[in-house]
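Enquirer: Input structure: data-v1.txt, which contains compact mmCIF, C-alpha atoms.
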```txt
# COMPACT_ATOMS: atom_id res chain seq x y z
CA MET A 1 -51.47 -38.10 -29.35
CA GLY A 2 -53.04 -36.53 -32.42
CA ARG A 3 -54.37 -32.98 -32.65
CA TRP A 4 -57.91 -34.36 -32.94
CA GLU A 5 -58.13 -35.14 -29.23
CA PRO A 6 -56.72 -32.23 -27.28
CA GLY A 7 -56.42 -32.95 -23.60
CA ALA A 8 -57.66 -36.54 -23.83
CA ARG A 9 -54.80 -37.75 -21.67
CA GLU A 10 -55.51 -35.24 -18.91
CA ARG A 11 -59.26 -35.88 -19.11
CA LEU A 12 -58.66 -39.61 -18.74
CA VAL A 13 -56.58 -39.10 -15.59
CA VAL A 14 -59.18 -36.83 -14.01
CA ALA A 15 -62.04 -39.17 -14.97
CA ALA A 16 -60.20 -42.16 -13.51
CA VAL A 17 -59.48 -40.48 -10.20
CA ASP A 18 -63.06 -39.31 -9.89
CA LEU A 19 -64.34 -42.84 -10.57
CA PHE A 20 -61.81 -44.42 -8.19
CA THR A 21 -63.01 -42.03 -5.51
CA GLU A 22 -66.70 -42.60 -6.21
CA GLN A 23 -66.79 -46.37 -6.58
CA GLY A 24 -63.36 -47.74 -5.76
CA TYR A 25 -60.38 -48.73 -7.86
CA ASP A 26 -61.29 -52.40 -8.28
CA ALA A 27 -64.84 -51.66 -9.43
CA THR A 28 -63.75 -49.15 -12.07
CA THR A 29 -63.28 -50.37 -15.64
CA VAL A 30 -61.35 -48.88 -18.53
CA ALA A 31 -64.65 -48.57 -20.42
CA GLN A 32 -66.12 -46.43 -17.63
CA ILE A 33 -63.05 -44.21 -17.51
CA ALA A 34 -63.13 -43.71 -21.28
CA GLU A 35 -66.85 -42.93 -21.23
CA ARG A 36 -66.47 -40.40 -18.43
CA ALA A 37 -63.64 -38.72 -20.30
CA GLY A 38 -65.68 -38.67 -23.50
CA VAL A 39 -63.26 -40.80 -25.52
CA THR A 40 -63.23 -44.34 -26.90
CA LYS A 41 -61.58 -47.32 -25.27
CA SER A 42 -59.01 -47.42 -28.04
CA THR A 43 -58.10 -43.82 -27.24
CA PHE A 44 -57.56 -44.92 -23.64
CA PHE A 45 -55.19 -47.65 -24.79
CA ARG A 46 -53.30 -45.25 -27.03
CA HIS A 47 -52.39 -43.33 -23.89
CA PHE A 48 -52.11 -45.99 -21.17
CA PRO A 49 -51.57 -49.77 -21.04
CA ASP A 50 -54.05 -50.21 -18.16
CA LYS A 51 -55.89 -48.33 -15.42
CA ARG A 52 -53.08 -48.73 -12.93
CA GLU A 53 -50.44 -47.05 -15.09
CA LEU A 54 -52.69 -44.08 -15.54
CA LEU A 55 -51.94 -42.68 -12.08
CA VAL A 56 -48.19 -42.87 -12.44
CA ALA A 57 -48.20 -41.73 -16.03
CA GLY A 58 -45.88 -38.85 -15.20
CA GLN A 59 -43.19 -41.14 -13.85
CA GLU A 60 -41.09 -41.40 -17.01
CA THR A 61 -41.30 -37.68 -17.67
CA LEU A 62 -40.34 -36.89 -14.08
CA SER A 63 -37.42 -39.32 -14.18
CA ARG A 64 -36.16 -37.79 -17.40
CA LEU A 65 -36.44 -34.21 -16.12
CA LEU A 66 -34.79 -35.02 -12.79
CA ALA A 67 -31.92 -36.72 -14.64
CA GLU A 68 -31.58 -33.88 -17.18
CA GLY A 69 -31.47 -31.26 -14.44
CA ILE A 70 -28.75 -33.21 -12.64
CA ALA A 71 -26.77 -33.79 -15.83
CA GLU A 72 -26.84 -30.12 -16.81
CA ALA A 73 -25.90 -28.71 -13.39
CA PRO A 74 -22.55 -26.85 -13.39
CA ALA A 75 -19.52 -29.13 -13.25
CA ASP A 76 -18.55 -27.81 -9.82
CA ALA A 77 -22.01 -28.31 -8.30
CA SER A 78 -22.11 -30.52 -5.21
CA PRO A 79 -24.28 -33.67 -5.32
CA LEU A 80 -27.15 -31.91 -3.54
CA GLU A 81 -26.80 -28.80 -5.72
CA ALA A 82 -27.18 -31.08 -8.74
CA VAL A 83 -30.22 -32.72 -7.10
CA ALA A 84 -31.67 -29.25 -6.54
CA ALA A 85 -31.24 -28.53 -10.26
CA GLY A 86 -33.12 -31.74 -11.03
CA LEU A 87 -35.93 -30.78 -8.65
CA ARG A 88 -36.25 -27.35 -10.28
CA ARG A 89 -36.46 -28.93 -13.72
CA ALA A 90 -39.06 -31.54 -12.71
CA SER A 91 -41.14 -29.06 -10.72
CA SER A 92 -41.52 -26.86 -13.77
CA THR A 93 -44.01 -29.37 -15.26
CA MET A 94 -46.39 -29.09 -12.31
CA GLY A 95 -48.87 -26.25 -12.55
CA PRO A 96 -52.04 -25.08 -10.80
CA ALA A 97 -54.08 -27.91 -12.37
CA ASN A 98 -51.77 -30.49 -10.79
CA ARG A 99 -52.04 -28.70 -7.50
CA GLU A 100 -55.84 -28.70 -7.56
CA PHE A 101 -55.83 -32.34 -8.50
CA ALA A 102 -53.33 -33.54 -5.87
CA PRO A 103 -55.73 -34.16 -2.94
CA ARG A 104 -58.02 -36.36 -5.06
CA LEU A 105 -55.05 -38.28 -6.42
CA LYS A 106 -53.76 -38.80 -2.88
CA ALA A 107 -57.16 -40.07 -1.70
CA ALA A 108 -57.42 -42.52 -4.59
CA ILE A 109 -53.97 -43.95 -3.86
CA ALA A 110 -54.68 -44.16 -0.12
CA ALA A 111 -57.80 -46.23 -0.81
CA SER A 112 -56.13 -48.89 -2.97
CA GLY A 113 -53.37 -51.30 -1.97
CA GLU A 114 -52.63 -51.89 -5.64
CA LEU A 115 -52.12 -48.18 -6.29
CA GLN A 116 -49.95 -47.87 -3.18
CA GLU A 117 -47.69 -50.57 -4.57
CA ARG A 118 -47.46 -48.83 -7.91
CA ASP A 119 -46.78 -45.51 -6.20
CA ALA A 120 -44.00 -47.09 -4.12
CA LEU A 121 -42.36 -48.39 -7.28
CA LYS A 122 -42.57 -44.88 -8.71
CA SER A 123 -40.55 -43.56 -5.76
CA VAL A 124 -37.97 -46.30 -6.21
CA SER A 125 -37.74 -45.48 -9.94
CA LEU A 126 -37.28 -41.75 -9.37
CA ALA A 127 -34.52 -42.40 -6.81
CA ALA A 128 -32.80 -44.75 -9.25
CA ALA A 129 -32.99 -42.15 -12.04
CA MET A 130 -31.37 -39.51 -9.84
CA THR A 131 -28.73 -41.91 -8.53
CA THR A 132 -27.78 -42.95 -12.06
CA ALA A 133 -27.51 -39.32 -13.16
CA LEU A 134 -25.29 -38.53 -10.17
CA VAL A 135 -23.04 -41.52 -10.82
CA ALA A 136 -22.68 -40.28 -14.41
CA ARG A 137 -21.35 -36.99 -12.94
CA GLY A 138 -18.70 -38.98 -11.05
CA VAL A 139 -20.40 -38.93 -7.64
CA PRO A 140 -19.24 -42.09 -5.84
CA ASP A 141 -21.50 -44.70 -4.29
CA PRO A 142 -23.06 -44.60 -1.68
CA ILE A 143 -23.12 -40.78 -1.77
CA ALA A 144 -24.98 -40.89 -5.09
CA ALA A 145 -27.54 -43.36 -3.73
CA LEU A 146 -28.12 -41.31 -0.62
CA ALA A 147 -28.42 -38.04 -2.55
CA GLY A 148 -30.96 -39.73 -4.87
CA GLU A 149 -33.03 -40.80 -1.86
CA LEU A 150 -32.88 -37.28 -0.45
CA GLY A 151 -34.06 -35.99 -3.80
CA VAL A 152 -37.13 -38.24 -3.75
CA LEU A 153 -37.92 -37.39 -0.13
CA ALA A 154 -37.61 -33.68 -0.96
CA PHE A 155 -39.82 -33.99 -4.02
CA LYS A 156 -42.52 -35.94 -2.16
CA ARG A 157 -42.44 -33.66 0.88
CA GLY A 158 -42.42 -30.55 -1.25
CA TYR A 159 -45.31 -31.86 -3.37
CA GLN A 160 -47.28 -32.74 -0.24
CA GLU A 161 -46.83 -29.29 1.31
CA TRP A 162 -47.44 -27.51 -1.98
CA SER A 163 -50.71 -29.40 -2.51
CA GLU A 164 -51.87 -28.54 1.01
CA GLY A 165 -50.58 -24.98 1.01
CA GLU A 166 -52.34 -21.69 0.53
CA ARG A 167 -53.18 -21.25 -3.14
CA ASP A 168 -52.42 -17.59 -3.18
CA GLY A 169 -51.16 -17.15 -6.65
CA ASP A 170 -47.70 -17.49 -7.92
CA ASP A 171 -45.89 -19.83 -5.58
CA ASP A 172 -44.70 -22.92 -7.38
CA LEU A 173 -43.68 -26.46 -6.46
CA ALA A 174 -39.95 -25.80 -6.89
CA GLY A 175 -39.83 -23.53 -3.84
CA TYR A 176 -41.44 -26.20 -1.68
CA ALA A 177 -39.20 -28.99 -2.96
CA LEU A 178 -36.02 -26.92 -2.49
CA ALA A 179 -37.05 -25.95 1.04
CA ALA A 180 -37.62 -29.63 1.84
CA LEU A 181 -34.19 -30.46 0.38
CA ASP A 182 -32.60 -27.83 2.61
CA ASP A 183 -34.28 -29.36 5.67
CA LEU A 184 -33.03 -32.79 4.66
CA ARG A 185 -29.53 -31.48 4.09
CA ALA A 186 -29.50 -30.12 7.63
CA ALA A 187 -30.87 -33.43 8.94
CA SER A 188 -28.17 -35.26 7.03
CA ALA A 189 -25.47 -33.15 8.65
CA ALA A 190 -27.02 -33.79 12.07
CA LEU A 191 -26.90 -37.56 11.50
CA GLY A 192 -23.34 -37.71 10.23
CA MET B 1 -49.43 -72.98 11.96
CA GLY B 2 -50.22 -76.29 13.62
CA ARG B 3 -47.66 -78.86 14.65
CA TRP B 4 -48.99 -81.22 11.98
CA GLU B 5 -47.32 -79.30 9.18
CA PRO B 6 -43.80 -78.43 10.21
CA GLY B 7 -42.10 -76.16 7.74
CA ALA B 8 -45.11 -75.82 5.43
CA ARG B 9 -44.67 -72.05 5.27
CA GLU B 10 -41.02 -72.28 4.30
CA ARG B 11 -41.70 -75.06 1.79
CA LEU B 12 -44.41 -72.93 0.17
CA VAL B 13 -42.04 -69.99 -0.27
CA VAL B 14 -39.32 -72.18 -1.80
CA ALA B 15 -41.82 -73.95 -4.08
CA ALA B 16 -43.23 -70.62 -5.25
CA VAL B 17 -39.86 -69.12 -6.09
CA ASP B 18 -38.83 -72.26 -7.95
CA LEU B 19 -42.04 -72.19 -9.99
CA PHE B 20 -41.78 -68.44 -10.65
CA THR B 21 -38.26 -69.04 -11.95
CA GLU B 22 -39.22 -72.05 -14.07
CA GLN B 23 -42.41 -70.82 -15.69
CA GLY B 24 -42.91 -67.18 -14.70
CA TYR B 25 -44.94 -65.48 -12.00
CA ASP B 26 -48.10 -64.95 -14.05
CA ALA B 27 -48.29 -68.58 -15.19
CA THR B 28 -47.92 -69.98 -11.67
CA THR B 29 -51.07 -70.83 -9.72
CA VAL B 30 -51.64 -71.28 -6.01
CA ALA B 31 -52.62 -74.91 -6.74
CA GLN B 32 -49.25 -75.56 -8.38
CA ILE B 33 -47.36 -73.97 -5.50
CA ALA B 34 -49.28 -76.04 -2.96
CA GLU B 35 -48.70 -79.24 -4.92
CA ARG B 36 -44.97 -78.61 -5.27
CA ALA B 37 -44.76 -77.94 -1.53
CA GLY B 38 -46.74 -81.09 -0.77
CA VAL B 39 -49.60 -79.31 1.00
CA THR B 40 -53.25 -78.58 0.20
CA LYS B 41 -54.56 -75.31 -1.20
CA SER B 42 -56.30 -74.61 2.08
CA THR B 43 -52.96 -74.92 3.85
CA PHE B 44 -51.60 -72.35 1.41
CA PHE B 45 -54.41 -69.97 2.31
CA ARG B 46 -53.87 -70.49 6.03
CA HIS B 47 -50.41 -69.04 5.53
CA PHE B 48 -50.83 -66.45 2.75
CA PRO B 49 -53.71 -64.49 1.21
CA ASP B 50 -52.33 -64.88 -2.34
CA LYS B 51 -49.20 -65.71 -4.30
CA ARG B 52 -47.94 -62.18 -4.31
CA GLU B 53 -47.90 -61.82 -0.52
CA LEU B 54 -45.85 -64.96 -0.24
CA LEU B 55 -42.62 -63.28 -1.27
CA VAL B 56 -42.91 -60.45 1.18
CA ALA B 57 -44.24 -62.60 4.00
CA GLY B 58 -41.41 -61.52 6.27
CA GLN B 59 -42.35 -57.84 6.00
CA GLU B 60 -44.43 -57.60 9.16
CA THR B 61 -41.92 -59.54 11.21
CA LEU B 62 -39.07 -57.40 9.93
CA SER B 63 -40.99 -54.18 10.62
CA ARG B 64 -41.74 -55.33 14.16
CA LEU B 65 -38.14 -56.35 14.88
CA LEU B 66 -36.69 -53.14 13.45
CA ALA B 67 -39.10 -51.12 15.58
CA GLU B 68 -38.42 -53.16 18.72
CA GLY B 69 -34.68 -52.83 18.32
CA ILE B 70 -35.04 -49.06 17.93
CA ALA B 71 -37.42 -48.78 20.90
CA GLU B 72 -35.14 -50.76 23.20
CA ALA B 73 -31.90 -48.95 22.31
CA PRO B 74 -30.36 -47.04 25.25
CA ALA B 75 -32.00 -43.70 25.97
CA ASP B 76 -28.83 -41.83 25.03
CA ALA B 77 -28.36 -43.64 21.71
CA SER B 78 -28.20 -41.36 18.65
CA PRO B 79 -30.78 -41.87 15.89
CA LEU B 80 -28.36 -43.97 13.84
CA GLU B 81 -27.26 -45.97 16.90
CA ALA B 82 -30.93 -46.80 17.47
CA VAL B 83 -31.28 -47.77 13.78
CA ALA B 84 -28.22 -50.01 14.19
CA ALA B 85 -29.94 -51.74 17.13
CA GLY B 86 -32.99 -52.31 14.92
CA LEU B 87 -30.83 -53.76 12.14
CA ARG B 88 -29.14 -56.13 14.58
CA ARG B 89 -32.51 -57.31 15.86
CA ALA B 90 -33.99 -57.84 12.39
CA SER B 91 -30.85 -59.50 11.03
CA SER B 92 -31.02 -62.15 13.73
CA THR B 93 -33.96 -63.81 11.95
CA MET B 94 -31.97 -64.39 8.75
CA GLY B 95 -29.93 -67.58 8.72
CA PRO B 96 -27.98 -69.68 6.20
CA ALA B 97 -31.21 -70.93 4.59
CA ASN B 98 -32.24 -67.32 3.81
CA ARG B 99 -28.79 -66.68 2.41
CA GLU B 100 -28.89 -69.70 0.11
CA PHE B 101 -32.34 -68.68 -1.03
CA ALA B 102 -31.62 -64.99 -1.70
CA PRO B 103 -30.35 -65.23 -5.31
CA ARG B 104 -33.43 -67.17 -6.44
CA LEU B 105 -35.72 -64.73 -4.67
CA LYS B 106 -33.93 -61.82 -6.32
CA ALA B 107 -34.27 -63.43 -9.78
CA ALA B 108 -37.99 -64.05 -9.28
CA ILE B 109 -38.59 -60.42 -8.28
CA ALA B 110 -36.46 -59.10 -11.15
CA ALA B 111 -38.58 -61.08 -13.62
CA SER B 112 -41.99 -59.75 -12.50
CA GLY B 113 -43.21 -56.17 -12.55
CA GLU B 114 -45.91 -57.11 -10.08
CA LEU B 115 -43.38 -58.48 -7.60
CA GLN B 116 -41.19 -55.41 -8.07
CA GLU B 117 -44.12 -53.23 -7.07
CA ARG B 118 -44.82 -55.34 -4.01
CA ASP B 119 -41.14 -55.29 -3.10
CA ALA B 120 -41.03 -51.50 -3.42
CA LEU B 121 -43.98 -51.20 -1.05
CA LYS B 122 -42.10 -53.44 1.39
CA SER B 123 -39.19 -50.97 1.41
CA VAL B 124 -41.56 -48.07 2.00
CA SER B 125 -43.22 -49.98 4.86
CA LEU B 126 -39.92 -50.82 6.55
CA ALA B 127 -38.81 -47.18 6.35
CA ALA B 128 -42.12 -46.06 7.83
CA ALA B 129 -41.80 -48.57 10.70
CA MET B 130 -38.34 -47.27 11.58
CA THR B 131 -39.35 -43.63 11.23
CA THR B 132 -42.34 -44.16 13.55
CA ALA B 133 -40.15 -45.92 16.13
CA LEU B 134 -37.63 -43.06 15.99
CA VAL B 135 -40.33 -40.40 16.38
CA ALA B 136 -41.57 -42.33 19.43
CA ARG B 137 -38.06 -41.88 20.89
CA GLY B 138 -38.39 -38.13 20.41
CA VAL B 139 -36.29 -37.85 17.24
CA PRO B 140 -37.62 -34.83 15.33
CA ASP B 141 -38.77 -34.83 11.73
CA PRO B 142 -37.12 -34.87 9.18
CA ILE B 143 -34.17 -36.46 11.01
CA ALA B 144 -36.34 -39.46 11.89
CA ALA B 145 -37.51 -39.86 8.28
CA LEU B 146 -33.97 -39.63 6.94
CA ALA B 147 -32.61 -42.08 9.53
CA GLY B 148 -35.42 -44.50 8.60
CA GLU B 149 -34.46 -44.28 4.93
CA LEU B 150 -30.81 -44.88 5.80
CA GLY B 151 -31.89 -47.92 7.79
CA VAL B 152 -33.70 -49.41 4.79
CA LEU B 153 -30.82 -48.64 2.44
CA ALA B 154 -28.40 -50.25 4.90
CA PHE B 155 -30.58 -53.34 5.32
CA LYS B 156 -31.02 -53.80 1.56
CA ARG B 157 -27.34 -53.19 0.78
CA GLY B 158 -26.20 -55.43 3.62
CA TYR B 159 -28.61 -58.18 2.52
CA GLN B 160 -27.40 -57.89 -1.07
CA GLU B 161 -23.72 -58.14 -0.14
CA TRP B 162 -24.37 -60.90 2.39
CA SER B 163 -26.25 -62.97 -0.19
CA GLU B 164 -23.43 -62.54 -2.71
CA GLY B 165 -20.60 -62.93 -0.22
CA GLU B 166 -18.34 -65.85 0.54
CA ARG B 167 -20.29 -68.44 2.49
CA ASP B 168 -17.35 -69.32 4.70
CA GLY B 169 -19.13 -70.14 7.88
CA ASP B 170 -20.10 -67.88 10.67
CA ASP B 171 -20.51 -64.41 9.22
CA ASP B 172 -24.03 -63.14 9.63
CA LEU B 173 -26.21 -60.50 8.03
CA ALA B 174 -25.89 -58.05 10.93
CA GLY B 175 -22.21 -57.39 10.14
CA TYR B 176 -23.02 -56.56 6.53
CA ALA B 177 -25.97 -54.32 7.42
CA LEU B 178 -24.00 -52.41 10.05
CA ALA B 179 -21.06 -51.91 7.68
CA ALA B 180 -23.47 -50.54 5.07
CA LEU B 181 -24.96 -48.21 7.70
CA ASP B 182 -21.48 -46.93 8.55
CA ASP B 183 -20.84 -46.20 4.87
CA LEU B 184 -24.13 -44.34 4.64
CA ARG B 185 -23.39 -42.37 7.80
CA ALA B 186 -20.13 -41.21 6.23
CA ALA B 187 -21.95 -40.36 3.00
CA SER B 188 -24.52 -38.42 4.99
CA ALA B 189 -21.80 -36.36 6.66
CA ALA B 190 -20.22 -35.68 3.26
CA LEU B 191 -23.54 -34.40 1.89
CA GLY B 192 -24.40 -32.17 4.83
```
Spell out the structure here as structure tokens.
Expert:
Amino acid sequence: MGRWEPGARERLVVAAVDLFTEQGYDATTVAQIAERAGVTKSTFFRHFPDKRELLVAGQETLSRLLAEGIAEAPADASPLEAVAAGLRRASSTMGPANREFAPRLKAAIAASGELQERDALKSVSLAAAMTTALVARGVPDPIAALAGELGVLAFKRGYQEWSEGERDGDDDLAGYALAALDDLRAASAALG
Amino acid sequence: MGRWEPGARERLVVAAVDLFTEQGYDATTVAQIAERAGVTKSTFFRHFPDKRELLVAGQETLSRLLAEGIAEAPADASPLEAVAAGLRRASSTMGPANREFAPRLKAAIAASGELQERDALKSVSLAAAMTTALVARGVPDPIAALAGELGVLAFKRGYQEWSEGERDGDDDLAGYALAALDDLRAASAALG
């Protein structure tokens, strides 16, 4: 990502989602996405391997931030306290632009079986990243696996509510994700 | 599925997994799968829409059985007792042939990103089926969602251990899945 193309990556994502919404995922080509974003096809391929990966482009970053937050939680943090630290870290990358964009992204995924599959794999990958980070803290299986699943559920539920919520200024994703995690913690206790 | 082609569906699945293992998922065509199974291409398409769907062909049946088991659990069953009833029902369809086949299926999925995506969507679908069945019993959200996730984790872990376990006769998948659910229930209590 050179300095000569500021924001190309973000413009490509927005252009793709607009085109997916307008004419469908299958009918949209990489050339059309690049043209709409005002970049060349080779710029597209410098950022993404194909049109499908474009919508889950944040997956690796999210996985890394979730894992870092968990790894750096205090040594005496419980598994869910560590997960909460991961959620705070990952949420910090999501700003007002992501929030504005969320409903269109959701609609594009809902309209394409192929994107639903890719999105499902993203969830599985995020859960695996959190589980691995918890195991590295010494959390035993299956507690680590379950806490990782709760983390993904909390992130998805928080993101969903955040993207639908009142956009009245300074409330950020972290608050929504942590509230969802609290609900899930209570549900977990009720099940046990 | 007419009487004139007994076992065609099963033969197609086995032929596909063998070919995926031998030469890769991408390089395998529907024509090759049909030939190996000793059926025509049109027989293939009577059973499956494409080669990808073939490996998750049991998804709808599993979803239905999980939901039926949950729906028919006693009225006073707890959410996880209802999930256990669903796991028992779904496990009943998996016999020694499925067990023998599991390692090859796992290897084929592990070798293909496309199959991993489809497999991830299968997990999401099974969790949604259980969650919906629990909500229909009056289990509130997010307890229903969490119990559905535990059900999928238990089914996947039980299946994994069953497929790797000693094949000394009469032990069936249900025992493995229910043991995994018990472990997850304990983990859930520890998290809460």
Enquirer: Quick one, how far is atom CA of Ala120 of chain A from atom CA of Val124 of chain B?
Expert: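 Result for atom CA of Ala120 of chain A versus atom CA of Val124 of chain B: 6.7 Å, one decimal.
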Enquirer: Atom CA of Ala90 of chain A and atom CA of Ala190 of chain B, how far apart in Å?
Expert: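 Calculated distance between atom CA of Ala190 of chain B and atom CA of Ala90 of chain A is 25.0 Å.
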Enquirer: How far is it from atom CA of Thr29 of chain B to atom CA of Gly113 of chain B, in Å with one decimal?
Expert: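 It comes out at 16.9 Å.
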Enquirer: For chain A against chain B, with a cut-off of 8 Å and counting only C-alpha atoms, what is the closest atom pair and its distance in Å to one decimal for every residue that makes the cut, ordered by chain and number, as a Markdown table?
Expert:
```
| residue | atom | partner | partner_atom | distance |
| --- | --- | --- | --- | --- |
| A:Pro79 | CA | B:Leu191 | CA | 7.3 |
| A:Leu80 | CA | B:Leu191 | CA | 7.0 |
| A:Gln116 | CA | B:Leu121 | CA | 7.2 |
| A:Glu117 | CA | B:Glu117 | CA | 5.1 |
| A:Arg118 | CA | B:Glu117 | CA | 5.6 |
| A:Ala120 | CA | B:Leu121 | CA | 5.1 |
| A:Leu121 | CA | B:Ala120 | CA | 5.1 |
| A:Val124 | CA | B:Ala120 | CA | 6.6 |
| A:Pro142 | CA | B:Ala187 | CA | 6.4 |
| A:Ile143 | CA | B:Ala187 | CA | 4.9 |
| A:Leu146 | CA | B:Ala187 | CA | 7.2 |
| A:Ala147 | CA | B:Leu191 | CA | 7.5 |
| A:Glu149 | CA | B:Glu149 | CA | 7.8 |
| A:Leu150 | CA | B:Leu146 | CA | 7.8 |
| A:Asp183 | CA | B:Pro142 | CA | 7.1 |
| A:Leu184 | CA | B:Pro142 | CA | 6.4 |
| A:Arg185 | CA | B:Gly192 | CA | 5.2 |
| A:Ala186 | CA | B:Gly192 | CA | 6.2 |
| A:Ala187 | CA | B:Ile143 | CA | 4.9 |
| A:Ser188 | CA | B:Ser188 | CA | 5.2 |
| A:Ala189 | CA | B:Gly192 | CA | 4.1 |
| A:Ala190 | CA | B:Ile143 | CA | 7.7 |
| A:Leu191 | CA | B:Leu80 | CA | 7.0 |
| A:Gly192 | CA | B:Ala189 | CA | 4.1 |
```
Enquirer: So that I can see what lies close to segment 107-109 of chain B, please list as an MDAnalysis selection string the residues with an atom at most 12 Å from it, counting all atoms listed in the file and leaving out residues fewer than 2 positions away in the same chain.
Expert: chainID B and resid 13:26 28 52 54:56 101:105 111:120
Enquirer: For the residues in that selection, give me C-alpha atoms as a PDB file, in the coordinates of the input.
Expert:
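Written output follows (part.pdb):
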```pdb
ATOM      1  CA  VAL B  13     -42.040 -69.990  -0.270  1.00  0.00           C
ATOM      2  CA  VAL B  14     -39.320 -72.180  -1.800  1.00  0.00           C
ATOM      3  CA  ALA B  15     -41.820 -73.950  -4.080  1.00  0.00           C
ATOM      4  CA  ALA B  16     -43.230 -70.620  -5.250  1.00  0.00           C
ATOM      5  CA  VAL B  17     -39.860 -69.120  -6.090  1.00  0.00           C
ATOM      6  CA  ASP B  18     -38.830 -72.260  -7.950  1.00  0.00           C
ATOM      7  CA  LEU B  19     -42.040 -72.190  -9.990  1.00  0.00           C
ATOM      8  CA  PHE B  20     -41.780 -68.440 -10.650  1.00  0.00           C
ATOM      9  CA  THR B  21     -38.260 -69.040 -11.950  1.00  0.00           C
ATOM     10  CA  GLU B  22     -39.220 -72.050 -14.070  1.00  0.00           C
ATOM     11  CA  GLN B  23     -42.410 -70.820 -15.690  1.00  0.00           C
ATOM     12  CA  GLY B  24     -42.910 -67.180 -14.700  1.00  0.00           C
ATOM     13  CA  TYR B  25     -44.940 -65.480 -12.000  1.00  0.00           C
ATOM     14  CA  ASP B  26     -48.100 -64.950 -14.050  1.00  0.00           C
ATOM     15  CA  THR B  28     -47.920 -69.980 -11.670  1.00  0.00           C
ATOM     16  CA  ARG B  52     -47.940 -62.180  -4.310  1.00  0.00           C
ATOM     17  CA  LEU B  54     -45.850 -64.960  -0.240  1.00  0.00           C
ATOM     18  CA  LEU B  55     -42.620 -63.280  -1.270  1.00  0.00           C
ATOM     19  CA  VAL B  56     -42.910 -60.450   1.180  1.00  0.00           C
ATOM     20  CA  PHE B 101     -32.340 -68.680  -1.030  1.00  0.00           C
ATOM     21  CA  ALA B 102     -31.620 -64.990  -1.700  1.00  0.00           C
ATOM     22  CA  PRO B 103     -30.350 -65.230  -5.310  1.00  0.00           C
ATOM     23  CA  ARG B 104     -33.430 -67.170  -6.440  1.00  0.00           C
ATOM     24  CA  LEU B 105     -35.720 -64.730  -4.670  1.00  0.00           C
ATOM     25  CA  ALA B 111     -38.580 -61.080 -13.620  1.00  0.00           C
ATOM     26  CA  SER B 112     -41.990 -59.750 -12.500  1.00  0.00           C
ATOM     27  CA  GLY B 113     -43.210 -56.170 -12.550  1.00  0.00           C
ATOM     28  CA  GLU B 114     -45.910 -57.110 -10.080  1.00  0.00           C
ATOM     29  CA  LEU B 115     -43.380 -58.480  -7.600  1.00  0.00           C
ATOM     30  CA  GLN B 116     -41.190 -55.410  -8.070  1.00  0.00           C
ATOM     31  CA  GLU B 117     -44.120 -53.230  -7.070  1.00  0.00           C
ATOM     32  CA  ARG B 118     -44.820 -55.340  -4.010  1.00  0.00           C
ATOM     33  CA  ASP B 119     -41.140 -55.290  -3.100  1.00  0.00           C
ATOM     34  CA  ALA B 120     -41.030 -51.500  -3.420  1.00  0.00           C
TER      35      ALA B 120
END
```
Enquirer: Counting all atoms listed in the file, find the residues whose atoms lie at most 7 Å from (-49.4, -70.9, -0.7) (file coordinates) and write them out as a compact mmCIF listing (two decimals) with C-alpha atoms, keeping the file's coordinate frame.
Expert:
```txt
# COMPACT_ATOMS: atom_id res chain seq x y z
CA LEU B 12 -44.41 -72.93 0.17
CA VAL B 30 -51.64 -71.28 -6.01
CA ILE B 33 -47.36 -73.97 -5.50
CA ALA B 34 -49.28 -76.04 -2.96
CA LYS B 41 -54.56 -75.31 -1.20
CA PHE B 44 -51.60 -72.35 1.41
CA PHE B 45 -54.41 -69.97 2.31
CA HIS B 47 -50.41 -69.04 5.53
CA PHE B 48 -50.83 -66.45 2.75
CA ASP B 50 -52.33 -64.88 -2.34
CA LYS B 51 -49.20 -65.71 -4.30
CA LEU B 54 -45.85 -64.96 -0.24
```
Enquirer: Do you know which residues are at most 12 Å from Glu100 of chain B counting all atoms listed in the file, after dropping those on the same chain fewer than 2 positions away, and could you put them as a list in words?
Expert: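 Counting all atoms listed in the file, the residues come to Val14, Met94, Gly95, Pro96, Ala97, Asn98, Ala102, Pro103, Arg104, Leu105, Lys106, Tyr159, Gln160, Trp162, Ser163, Glu164, Gly165, Glu166 and Arg167 of chain B.
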Enquirer: Given 3 Å on each side, where is the centre and what are the edge lengths in Å to one decimal of the axis-aligned box enclosing the listed atoms of segment 111-125 of chain A, as lines of an AutoDock Vina configuration file?
Expert:
```
center_x = -47.8
center_y = -47.7
center_z = -5.4
size_x = 26.1
size_y = 14.3
size_z = 15.1
```
Enquirer: Within 9 Å of Met130 of chain B, counting only C-alpha atoms, which residues qualify if same-chain residues fewer than 4 places away don't, as a VMD selection string?
Expert: chain B and resid 63 66 to 67 70 83 86 125 to 126 134 to 135 144 to 145 147 to 149 151 to 152
Enquirer: Would you output that residue set with C-alpha atoms, as a compact mmCIF listing (two decimals), keeping the file's coordinate frame?
Expert:
```txt
# COMPACT_ATOMS: atom_id res chain seq x y z
CA SER B 63 -40.99 -54.18 10.62
CA LEU B 66 -36.69 -53.14 13.45
CA ALA B 67 -39.10 -51.12 15.58
CA ILE B 70 -35.04 -49.06 17.93
CA VAL B 83 -31.28 -47.77 13.78
CA GLY B 86 -32.99 -52.31 14.92
CA SER B 125 -43.22 -49.98 4.86
CA LEU B 126 -39.92 -50.82 6.55
CA LEU B 134 -37.63 -43.06 15.99
CA VAL B 135 -40.33 -40.40 16.38
CA ALA B 144 -36.34 -39.46 11.89
CA ALA B 145 -37.51 -39.86 8.28
CA ALA B 147 -32.61 -42.08 9.53
CA GLY B 148 -35.42 -44.50 8.60
CA GLU B 149 -34.46 -44.28 4.93
CA GLY B 151 -31.89 -47.92 7.79
CA VAL B 152 -33.70 -49.41 4.79
```
